[in-house]
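One structure below.
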Amino acid sequence: MITRRRVLHRIGAAGGIAAVAGAMQTMGWFGIAEAAAANAASLAQMPGDLGSGRSVVVLGAGFAGLVAAYELQQRGFSVTVLEARSRVGGKAWTVRDGDTIEMIGEQPQTARFSEGLYFNAGPARLPSFHQGVLGYAKKFGVPLEVEVNSSRSAYLVAGNGSKLRMRTAVNDMRGHISELLAKAVNQGALDQALSVDEKAKLLPFLKFYGDLEGDYAFKGTTRSGFKTGPGAGVSSFESAPAPVPLGDLLANDQLQMMGFEDNLYMQATMFQPVGGMDQISVGIERNLKQRAVLNADVRRIRQRPDGVEIAYVDTRNGRAQTIKADYCVCTIPFPVLAGIDANFAKPVATAIAGVVYEDSNKVAFDAPRFWEQDQIYGGLTFVGGETSLIWYPSWGLHGDRGMILGCYSSGEPGIKFARRPIAEQIAMARAAIDRVHPGHGADCSAPLVVNWRKVPYSLGPWPNWTPGVRQREHAGTDTPAYRLLCEPEGRIFFSGAALSQTPGWQEGALQSAHATVGALVRQMAERNVTEPRRAAA
């Protein structure tokens, strides 16, 4: 049987890489627009020896760097990964007992957690439609478990301290709106907008949707909880509480967060790797043919006519080393890259230096599971302000202790929060927990703070390509600087979640890595087939 792979081998033997590239283009194996970049599709199958004799150095062992390294190795490239940290994963950082958190300008913090507890300092959830990341977890045998991203038992906490159960806010608001809409329909206010048939179908739907009475009045619903709960025999029947007045609902400045779980990125079912978010990165790195070089702090990047040269220092012993390769995939965050000696073209260097990264903060505590007494098993309570929310753990249910976040903030609140002394940040996070769970703030021990703008080798969680312009999340990035950095700088390819339309998600890193692999293969094919080949040295 003549397969496409066999055909490509024959074409390569006769005409070299350029001929293979042309054939691959014709067969649809890669095109002008990389499919993976738009749709998170898997990379096209390519011959396993396509990159034979070609070397690539990957800077950074975060998600994008590891994915790029793995996929390039699968296509025959000799790949060396340099990572400045003593671990892989980049922002997918799981802190465990005994680990140290170092931040610029702050004293080191050492994790002192109860047995088995951990803290995802960076990403902590995976949407079910992020099939790329989930696919890598499956491929490398990383077990997943459900992440409880929303609990109807959690709270919306108003600025005045009043609390609404999420279930009450959602269902009472739905009842009030359904009643108002039913009244408008019955009074003929929507006759020009609705046909007779649509009105006839809409009214019974609203009765069910809002749990309305026979006269389309909303008088409360057991969807929001019980006034009296069901019991045994005939002595106790369930009844609905009186509805929260519409004005009181609207007065809660966190009310809009009742729609949090409707965001596609937050919809059930959500996942998390068993044992910590870093496990997917660890699984990929474990399957590299050449493991990542850790503690390799890149100090100089040089592009030569025939390749790239990277100088780095081993932070354990201070020894300087140099590596040469045909190509470079650079996933170093742009604020860090801006401080590295590199001979980038001036427009590229200017674009890199101009990328502004956001603030993001987390404050974690080791605590007895007092929130479970409130029927809260995972999910979020929204408190607003500089601490923003309380995040409850989804794993270890009914255990003795768990990790609770008293703060996860970004944007303007995050900027203000990160400027405060660490002790004050801890106090604010503990106070936020105490407002919702009175008396339990003092139960929260072993605090840890992560301000991502202060984290070495990251200097921020994700970029803001349009600083000063208020936009919705994932508004669609298309600035001149973004476009320029999506293109290779000679033999150097920039990659990472920052160069995707979802810069705060690992799926964005994966998409960018896939696009980078495709672009590198195309460039290699376009270069002179007589270009000397060598492995990384």
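Chain labels run A, B, ... following the order of the structure tokens; each chain numbers its residues from 1, and ligands are numbered from 1 in the order shown.
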
Would you list the contacts of range 196-206 of chain A as a short mmCIF file (atom, residue, chain, number, x, y, z; two decimals) with N, CA and C atoms, in the first residue's frame, taking every protein, DNA or RNA residue within 12 Å and counting only C-alpha atoms, but skipping same-chain residues closer than 2 positions in sequence?
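result_10.cif was written with the following content:
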data_model
loop_
_atom_site.label_atom_id
_atom_site.label_comp_id
_atom_site.auth_asym_id
_atom_site.auth_seq_id
_atom_site.Cartn_x
_atom_site.Cartn_y
_atom_site.Cartn_z
N ARG A 174 -34.48 35.04 38.70
CA ARG A 174 -35.18 34.42 37.58
C ARG A 174 -36.69 34.50 37.77
N GLY A 175 -37.16 34.31 39.00
CA GLY A 175 -38.58 34.40 39.27
C GLY A 175 -39.12 35.80 39.05
N HIS A 176 -38.39 36.80 39.55
CA HIS A 176 -38.85 38.19 39.39
C HIS A 176 -38.89 38.58 37.91
N ILE A 177 -37.84 38.24 37.17
CA ILE A 177 -37.80 38.61 35.75
C ILE A 177 -38.89 37.89 34.97
N SER A 178 -39.13 36.63 35.30
CA SER A 178 -40.19 35.88 34.63
C SER A 178 -41.55 36.50 34.89
N GLU A 179 -41.80 36.92 36.14
CA GLU A 179 -43.07 37.57 36.47
C GLU A 179 -43.24 38.87 35.68
N LEU A 180 -42.18 39.67 35.63
CA LEU A 180 -42.26 40.94 34.91
C LEU A 180 -42.53 40.72 33.42
N LEU A 181 -41.85 39.74 32.84
CA LEU A 181 -42.03 39.47 31.43
C LEU A 181 -43.43 38.92 31.16
N ALA A 182 -43.92 38.05 32.05
CA ALA A 182 -45.27 37.51 31.87
C ALA A 182 -46.31 38.63 31.95
N LYS A 183 -46.14 39.56 32.87
CA LYS A 183 -47.06 40.71 32.96
C LYS A 183 -47.04 41.53 31.67
N ALA A 184 -45.83 41.76 31.15
CA ALA A 184 -45.72 42.55 29.92
C ALA A 184 -46.42 41.85 28.77
N VAL A 185 -46.28 40.52 28.69
CA VAL A 185 -46.95 39.76 27.63
C VAL A 185 -48.47 39.85 27.79
N ASN A 186 -48.96 39.64 29.01
CA ASN A 186 -50.41 39.64 29.25
C ASN A 186 -51.05 41.02 29.08
N GLN A 187 -50.25 42.05 29.27
CA GLN A 187 -50.78 43.40 29.11
C GLN A 187 -50.64 43.93 27.68
N GLY A 188 -50.15 43.07 26.80
CA GLY A 188 -50.04 43.45 25.39
C GLY A 188 -48.86 44.33 25.07
N ALA A 189 -47.94 44.50 26.01
CA ALA A 189 -46.81 45.39 25.78
C ALA A 189 -45.84 44.86 24.74
N LEU A 190 -45.91 43.56 24.45
CA LEU A 190 -44.98 42.96 23.49
C LEU A 190 -45.71 42.44 22.25
N ASP A 191 -46.90 42.93 22.01
CA ASP A 191 -47.68 42.42 20.88
C ASP A 191 -46.97 42.63 19.54
N GLN A 192 -46.22 43.71 19.42
CA GLN A 192 -45.54 43.96 18.16
C GLN A 192 -44.28 43.11 18.02
N ALA A 193 -43.80 42.59 19.12
CA ALA A 193 -42.57 41.78 19.09
C ALA A 193 -42.86 40.29 19.04
N LEU A 194 -44.05 39.87 19.46
CA LEU A 194 -44.37 38.46 19.55
C LEU A 194 -45.62 38.14 18.73
N PHE A 208 -42.86 27.88 34.14
CA PHE A 208 -41.91 26.85 34.58
C PHE A 208 -40.54 27.46 34.91
N TYR A 209 -40.07 28.33 34.04
CA TYR A 209 -38.73 28.91 34.18
C TYR A 209 -38.60 29.69 35.48
N GLY A 210 -39.62 30.48 35.81
CA GLY A 210 -39.56 31.28 37.02
C GLY A 210 -40.23 30.66 38.21
N ASP A 211 -40.81 29.46 38.05
CA ASP A 211 -41.58 28.81 39.11
C ASP A 211 -42.69 29.74 39.61
N LEU A 212 -43.48 30.22 38.66
CA LEU A 212 -44.54 31.18 38.96
C LEU A 212 -45.82 30.48 39.38
N GLU A 213 -46.65 31.22 40.12
CA GLU A 213 -47.96 30.71 40.50
C GLU A 213 -48.91 30.75 39.30
N GLY A 214 -50.15 30.27 39.52
CA GLY A 214 -51.11 30.20 38.42
C GLY A 214 -51.43 31.54 37.81
N ASP A 215 -51.32 32.61 38.60
CA ASP A 215 -51.59 33.95 38.07
C ASP A 215 -50.31 34.64 37.59
N TYR A 216 -49.28 33.85 37.37
CA TYR A 216 -47.98 34.33 36.90
C TYR A 216 -47.29 35.25 37.92
N ALA A 217 -47.60 35.05 39.18
CA ALA A 217 -46.94 35.81 40.24
C ALA A 217 -45.80 34.97 40.82
N PHE A 218 -44.71 35.63 41.16
CA PHE A 218 -43.59 34.93 41.80
C PHE A 218 -43.69 35.13 43.30
#

Of the residues A:Leu485, A:Ala446, A:Val455, A:Ala124, which is the one nearest to Val274 in chain A, using only C-alpha atoms?
->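 Smallest distance to Val274 in chain A is found for A:Ala124.
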
Find the residues around Arg223 in chain A up to 12 Å (only C-alpha atoms counted), leave out those fewer than 4 positions away in its own chain, and share them as a tab-separated table (two decimals) with all heavy atoms, in the first residue's frame.
chain	number	residue	atom	x	y	z
A	152	ARG	N	-23.79	26.36	44.30
A	152	ARG	CA	-24.99	27.16	44.58
A	152	ARG	C	-25.14	27.42	46.08
A	152	ARG	O	-25.99	28.21	46.48
A	152	ARG	CB	-26.23	26.45	44.02
A	152	ARG	CG	-26.28	26.40	42.49
A	152	ARG	CD	-26.41	27.80	41.90
A	152	ARG	NE	-26.38	27.82	40.45
A	152	ARG	CZ	-27.46	27.80	39.67
A	152	ARG	NH1	-28.66	27.74	40.22
A	152	ARG	NH2	-27.34	27.84	38.37
A	153	SER	N	-24.30	26.77	46.89
A	153	SER	CA	-24.33	27.06	48.32
A	153	SER	C	-23.41	28.20	48.70
A	153	SER	O	-23.46	28.70	49.83
A	153	SER	CB	-23.93	25.81	49.12
A	153	SER	OG	-24.87	24.77	48.95
A	165	ARG	N	-27.07	33.61	49.24
A	165	ARG	CA	-26.66	32.32	48.66
A	165	ARG	C	-26.76	32.42	47.14
A	165	ARG	O	-27.68	33.06	46.60
A	165	ARG	CB	-27.59	31.21	49.15
A	165	ARG	CG	-27.43	30.84	50.59
A	165	ARG	CD	-26.32	29.85	50.84
A	165	ARG	NE	-26.42	29.29	52.18
A	165	ARG	CZ	-25.54	28.42	52.68
A	165	ARG	NH1	-24.50	28.03	51.95
A	165	ARG	NH2	-25.68	27.97	53.91
A	166	MET	N	-25.84	31.79	46.46
A	166	MET	CA	-25.87	31.82	45.01
A	166	MET	C	-27.20	31.27	44.49
A	166	MET	O	-27.79	31.82	43.54
A	166	MET	CB	-24.71	31.00	44.44
A	166	MET	CG	-24.56	31.06	42.94
A	166	MET	SD	-24.00	32.66	42.33
A	166	MET	CE	-22.24	32.57	42.72
A	167	ARG	N	-27.71	30.20	45.12
A	167	ARG	CA	-28.97	29.61	44.65
A	167	ARG	C	-30.13	30.59	44.81
A	167	ARG	O	-31.04	30.65	43.99
A	167	ARG	CB	-29.25	28.29	45.38
A	167	ARG	CG	-29.53	28.41	46.85
A	167	ARG	CD	-30.06	27.09	47.42
A	167	ARG	NE	-29.07	26.05	47.35
A	167	ARG	CZ	-28.21	25.74	48.34
A	167	ARG	NH1	-28.23	26.44	49.46
A	167	ARG	NH2	-27.36	24.76	48.22
A	168	THR	N	-30.10	31.37	45.89
A	168	THR	CA	-31.15	32.34	46.12
A	168	THR	C	-31.10	33.46	45.08
A	168	THR	O	-32.12	33.85	44.51
A	168	THR	CB	-31.03	32.94	47.53
A	168	THR	OG1	-31.09	31.88	48.50
A	168	THR	CG2	-32.15	33.93	47.80
A	169	ALA	N	-29.91	33.96	44.83
A	169	ALA	CA	-29.76	35.04	43.86
A	169	ALA	C	-30.20	34.60	42.47
A	169	ALA	O	-30.96	35.30	41.79
A	169	ALA	CB	-28.30	35.51	43.82
A	170	VAL	N	-29.75	33.43	42.06
A	170	VAL	CA	-30.07	32.94	40.71
A	170	VAL	C	-31.56	32.72	40.55
A	170	VAL	O	-32.19	33.19	39.59
A	170	VAL	CB	-29.28	31.65	40.41
A	170	VAL	CG1	-29.78	31.00	39.13
A	170	VAL	CG2	-27.78	31.94	40.29
A	171	ASN	N	-32.16	32.00	41.47
A	171	ASN	CA	-33.55	31.59	41.29
A	171	ASN	C	-34.57	32.67	41.63
A	171	ASN	O	-35.62	32.77	40.98
A	171	ASN	CB	-33.81	30.31	42.09
A	171	ASN	CG	-33.06	29.14	41.51
A	171	ASN	OD1	-33.32	28.72	40.39
A	171	ASN	ND2	-32.09	28.61	42.25
A	172	ASP	N	-34.28	33.50	42.63
A	172	ASP	CA	-35.20	34.60	42.91
A	172	ASP	C	-35.16	35.65	41.80
A	172	ASP	O	-36.19	36.20	41.40
A	172	ASP	CB	-34.87	35.25	44.26
A	172	ASP	CG	-35.41	34.45	45.44
A	172	ASP	OD1	-35.84	33.30	45.21
A	172	ASP	OD2	-35.42	34.97	46.57
A	173	MET	N	-33.96	35.90	41.27
A	173	MET	CA	-33.87	36.85	40.16
A	173	MET	C	-34.61	36.31	38.94
A	173	MET	O	-35.32	37.04	38.24
A	173	MET	CB	-32.40	37.11	39.82
A	173	MET	CG	-32.17	38.32	38.97
A	173	MET	SD	-32.58	39.84	39.87
A	173	MET	CE	-32.35	41.06	38.60
A	174	ARG	N	-34.48	35.04	38.70
A	174	ARG	CA	-35.18	34.42	37.58
A	174	ARG	C	-36.69	34.50	37.77
A	174	ARG	O	-37.45	34.76	36.82
A	174	ARG	CB	-34.74	32.95	37.45
A	174	ARG	CG	-35.09	32.32	36.14
A	174	ARG	CD	-34.23	31.10	35.87
A	174	ARG	NE	-34.59	29.95	36.66
A	174	ARG	CZ	-34.02	28.76	36.54
A	174	ARG	NH1	-33.03	28.58	35.67
A	174	ARG	NH2	-34.41	27.76	37.29
A	175	GLY	N	-37.16	34.31	39.00
A	175	GLY	CA	-38.58	34.40	39.27
A	175	GLY	C	-39.12	35.80	39.05
A	175	GLY	O	-40.18	35.98	38.42
A	208	PHE	N	-42.86	27.88	34.14
A	208	PHE	CA	-41.91	26.85	34.58
A	208	PHE	C	-40.54	27.46	34.91
A	208	PHE	O	-39.94	27.16	35.93
A	208	PHE	CB	-41.75	25.78	33.50
A	208	PHE	CG	-40.62	24.82	33.78
A	208	PHE	CD1	-40.78	23.80	34.70
A	208	PHE	CD2	-39.39	24.96	33.15
A	208	PHE	CE1	-39.74	22.93	34.99
A	208	PHE	CE2	-38.35	24.09	33.43
A	208	PHE	CZ	-38.52	23.07	34.35
A	209	TYR	N	-40.07	28.33	34.04
A	209	TYR	CA	-38.73	28.91	34.18
A	209	TYR	C	-38.60	29.69	35.48
A	209	TYR	O	-37.58	29.60	36.18
A	209	TYR	CB	-38.45	29.82	32.98
A	209	TYR	CG	-37.07	30.43	32.96
A	209	TYR	CD1	-35.94	29.65	32.70
A	209	TYR	CD2	-36.88	31.79	33.19
A	209	TYR	CE1	-34.67	30.22	32.68
A	209	TYR	CE2	-35.62	32.37	33.16
A	209	TYR	CZ	-34.52	31.57	32.90
A	209	TYR	OH	-33.27	32.13	32.87
A	210	GLY	N	-39.62	30.48	35.81
A	210	GLY	CA	-39.56	31.28	37.02
A	210	GLY	C	-40.23	30.66	38.21
A	210	GLY	O	-40.25	31.26	39.30
A	211	ASP	N	-40.81	29.46	38.05
A	211	ASP	CA	-41.58	28.81	39.11
A	211	ASP	C	-42.69	29.74	39.61
A	211	ASP	O	-42.82	30.03	40.81
A	211	ASP	CB	-40.67	28.39	40.26
A	211	ASP	CG	-41.30	27.26	41.10
A	211	ASP	OD1	-42.32	26.71	40.66
A	211	ASP	OD2	-40.76	26.95	42.18
A	212	LEU	N	-43.48	30.22	38.66
A	212	LEU	CA	-44.54	31.18	38.96
A	212	LEU	C	-45.82	30.48	39.38
A	212	LEU	O	-46.06	29.31	39.05
A	212	LEU	CB	-44.82	32.06	37.73
A	212	LEU	CG	-43.62	32.80	37.12
A	212	LEU	CD1	-44.07	33.63	35.92
A	212	LEU	CD2	-42.91	33.66	38.14
A	227	LYS	N	-37.81	27.12	53.36
A	227	LYS	CA	-38.21	27.78	54.60
A	227	LYS	C	-38.35	26.71	55.66
A	227	LYS	O	-37.87	26.85	56.79
A	227	LYS	CB	-39.54	28.52	54.40
A	227	LYS	CG	-40.06	29.19	55.66
A	227	LYS	CD	-41.39	29.89	55.40
A	227	LYS	CE	-41.92	30.55	56.67
A	227	LYS	NZ	-43.23	31.20	56.43
A	238	GLU	N	-42.00	20.36	52.92
A	238	GLU	CA	-41.12	21.43	52.47
A	238	GLU	C	-41.96	22.64	52.04
A	238	GLU	O	-43.06	22.51	51.52
A	238	GLU	CB	-40.25	20.97	51.31
A	238	GLU	CG	-40.99	20.69	50.01
A	238	GLU	CD	-40.04	20.26	48.90
A	238	GLU	OE1	-39.24	19.33	49.12
A	238	GLU	OE2	-40.13	20.85	47.81
A	239	SER	N	-41.38	23.81	52.29
A	239	SER	CA	-42.02	25.05	51.85
A	239	SER	C	-40.95	26.02	51.39
A	239	SER	O	-39.79	25.95	51.83
A	239	SER	CB	-42.86	25.67	52.97
A	239	SER	OG	-42.03	26.03	54.06
A	240	ALA	N	-41.36	26.93	50.54
A	240	ALA	CA	-40.40	27.88	49.98
A	240	ALA	C	-40.29	29.11	50.87
A	240	ALA	O	-41.27	29.54	51.48
A	240	ALA	CB	-40.85	28.30	48.58
A	241	PRO	N	-39.11	29.69	50.94
A	241	PRO	CA	-38.98	30.95	51.67
A	241	PRO	C	-39.59	32.09	50.87
A	241	PRO	O	-39.80	31.98	49.66
A	241	PRO	CB	-37.45	31.12	51.77
A	241	PRO	CG	-36.92	30.43	50.56
A	241	PRO	CD	-37.84	29.25	50.32
A	242	ALA	N	-39.91	33.17	51.54
A	242	ALA	CA	-40.37	34.36	50.83
A	242	ALA	C	-39.25	34.85	49.91
A	242	ALA	O	-38.07	34.79	50.28
A	242	ALA	CB	-40.75	35.45	51.82
A	243	PRO	N	-39.58	35.30	48.72
A	243	PRO	CA	-38.52	35.74	47.81
A	243	PRO	C	-37.83	37.00	48.33
A	243	PRO	O	-38.45	37.84	48.99
A	243	PRO	CB	-39.28	36.01	46.51
A	243	PRO	CG	-40.69	36.29	46.91
A	243	PRO	CD	-40.93	35.44	48.12

Which residues, written as number ranges by chain, have at least one atom at most 7 Å from Met403 in chain A, with only C-alpha atoms counted and residues fewer than 4 positions away on the same chain left out?
-> A: 117, 119, 364-367, 393

Using only all heavy atoms, please write the residues we just selected to a file, as a tab-separated table (two decimals), in the first residue's frame.
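Okay, again33.tsv is ready:
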chain	number	residue	atom	x	y	z
A	117	LEU	N	-1.65	18.35	51.22
A	117	LEU	CA	-2.22	19.58	50.67
A	117	LEU	C	-1.25	20.22	49.68
A	117	LEU	O	-0.03	20.07	49.78
A	117	LEU	CB	-2.54	20.58	51.78
A	117	LEU	CG	-3.59	20.17	52.80
A	117	LEU	CD1	-3.97	21.36	53.67
A	117	LEU	CD2	-4.83	19.58	52.14
A	119	PHE	N	-1.09	23.84	46.67
A	119	PHE	CA	-1.65	25.13	46.28
A	119	PHE	C	-1.27	25.40	44.83
A	119	PHE	O	-0.09	25.47	44.50
A	119	PHE	CB	-1.09	26.20	47.22
A	119	PHE	CG	-1.20	27.63	46.74
A	119	PHE	CD1	-2.34	28.09	46.09
A	119	PHE	CD2	-0.16	28.51	46.98
A	119	PHE	CE1	-2.43	29.42	45.68
A	119	PHE	CE2	-0.24	29.83	46.58
A	119	PHE	CZ	-1.37	30.29	45.92
A	364	ALA	N	-3.32	31.91	49.85
A	364	ALA	CA	-3.82	30.58	50.23
A	364	ALA	C	-3.60	30.32	51.70
A	364	ALA	O	-2.63	30.80	52.30
A	364	ALA	CB	-3.12	29.51	49.40
A	365	PHE	N	-4.51	29.55	52.30
A	365	PHE	CA	-4.41	29.14	53.70
A	365	PHE	C	-4.66	27.64	53.82
A	365	PHE	O	-5.46	27.06	53.08
A	365	PHE	CB	-5.45	29.86	54.56
A	365	PHE	CG	-5.33	31.35	54.60
A	365	PHE	CD1	-6.09	32.14	53.75
A	365	PHE	CD2	-4.48	31.97	55.51
A	365	PHE	CE1	-6.00	33.52	53.79
A	365	PHE	CE2	-4.39	33.36	55.56
A	365	PHE	CZ	-5.15	34.14	54.70
A	366	ASP	N	-4.01	27.04	54.79
A	366	ASP	CA	-4.29	25.68	55.25
A	366	ASP	C	-5.32	25.82	56.38
A	366	ASP	O	-5.09	26.55	57.34
A	366	ASP	CB	-2.98	25.06	55.74
A	366	ASP	CG	-3.12	23.66	56.30
A	366	ASP	OD1	-4.22	23.28	56.74
A	366	ASP	OD2	-2.11	22.93	56.32
A	367	ALA	N	-6.47	25.15	56.26
A	367	ALA	CA	-7.53	25.37	57.25
A	367	ALA	C	-8.38	24.12	57.44
A	367	ALA	O	-8.48	23.28	56.54
A	367	ALA	CB	-8.43	26.53	56.79
A	393	PRO	N	-11.63	24.40	47.92
A	393	PRO	CA	-11.03	23.25	47.22
A	393	PRO	C	-12.08	22.24	46.76
A	393	PRO	O	-13.10	22.04	47.42
A	393	PRO	CB	-10.10	22.64	48.28
A	393	PRO	CG	-10.72	23.04	49.59
A	393	PRO	CD	-11.33	24.40	49.36

Could you list, as an mmCIF file with N, CA and C atoms, in the first residue's frame, every residue within 7 Å of range 450-452 of chain A, counting only C-alpha atoms and ignoring same-chain residues fewer than 6 positions away?
data_model
loop_
_atom_site.group_PDB
_atom_site.id
_atom_site.type_symbol
_atom_site.label_atom_id
_atom_site.label_comp_id
_atom_site.auth_asym_id
_atom_site.auth_seq_id
_atom_site.Cartn_x
_atom_site.Cartn_y
_atom_site.Cartn_z
ATOM 1 N N ALA A 121 -0.670 27.850 42.435
ATOM 2 C CA ALA A 121 -0.417 29.288 42.451
ATOM 3 C C ALA A 121 -0.804 29.949 41.139
ATOM 4 N N ASP A 359 -1.532 42.347 36.603
ATOM 5 C CA ASP A 359 -1.310 41.847 37.957
ATOM 6 C C ASP A 359 -2.288 40.720 38.233
ATOM 7 N N SER A 360 -1.860 39.759 39.020
ATOM 8 C CA SER A 360 -2.751 38.706 39.502
ATOM 9 C C SER A 360 -2.190 38.196 40.820
ATOM 10 N N ASN A 361 -3.077 37.971 41.776
ATOM 11 C CA ASN A 361 -2.639 37.606 43.119
ATOM 12 C C ASN A 361 -3.477 36.466 43.672
ATOM 13 N N LYS A 362 -2.827 35.636 44.476
ATOM 14 C CA LYS A 362 -3.521 34.605 45.221
ATOM 15 C C LYS A 362 -2.970 34.572 46.642
ATOM 16 N N VAL A 363 -3.872 34.365 47.588
ATOM 17 C CA VAL A 363 -3.475 34.160 48.981
ATOM 18 C C VAL A 363 -4.139 32.867 49.440
ATOM 19 N N ALA A 418 -1.561 44.168 45.252
ATOM 20 C CA ALA A 418 -0.150 43.760 45.183
ATOM 21 C C ALA A 418 0.785 44.825 45.729
ATOM 22 N N LEU A 459 7.179 37.754 35.914
ATOM 23 C CA LEU A 459 6.908 39.194 35.974
ATOM 24 C C LEU A 459 5.506 39.534 35.487
ATOM 25 N N GLY A 460 4.574 38.644 35.759
ATOM 26 C CA GLY A 460 3.186 38.884 35.410
ATOM 27 C C GLY A 460 2.523 37.615 34.913
ATOM 28 N N PRO A 461 1.188 37.552 34.978
ATOM 29 C CA PRO A 461 0.478 36.339 34.568
ATOM 30 C C PRO A 461 0.173 36.280 33.074
#

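Take the candidates A:Leu448, A:Ser55, A:Gly339, A:Ser128 and check each one against Gln107 in chain A using only C-alpha atoms; the shortest distance goes to A:Leu448.
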
Have a look at A:Leu156, A:Ala296, A:Lys163, A:Arg319 and name the one nearest to Met258 in chain A; count only C-alpha atoms.
->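 Selected residue with least distance to Met258 in chain A: A:Leu156.
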
Non-local contacts of Asp341 in chain A (10 Å; only C-alpha atoms; under 5 positions in same chain excluded) as a PyMOL selection string | chain A and resi 298-302+311
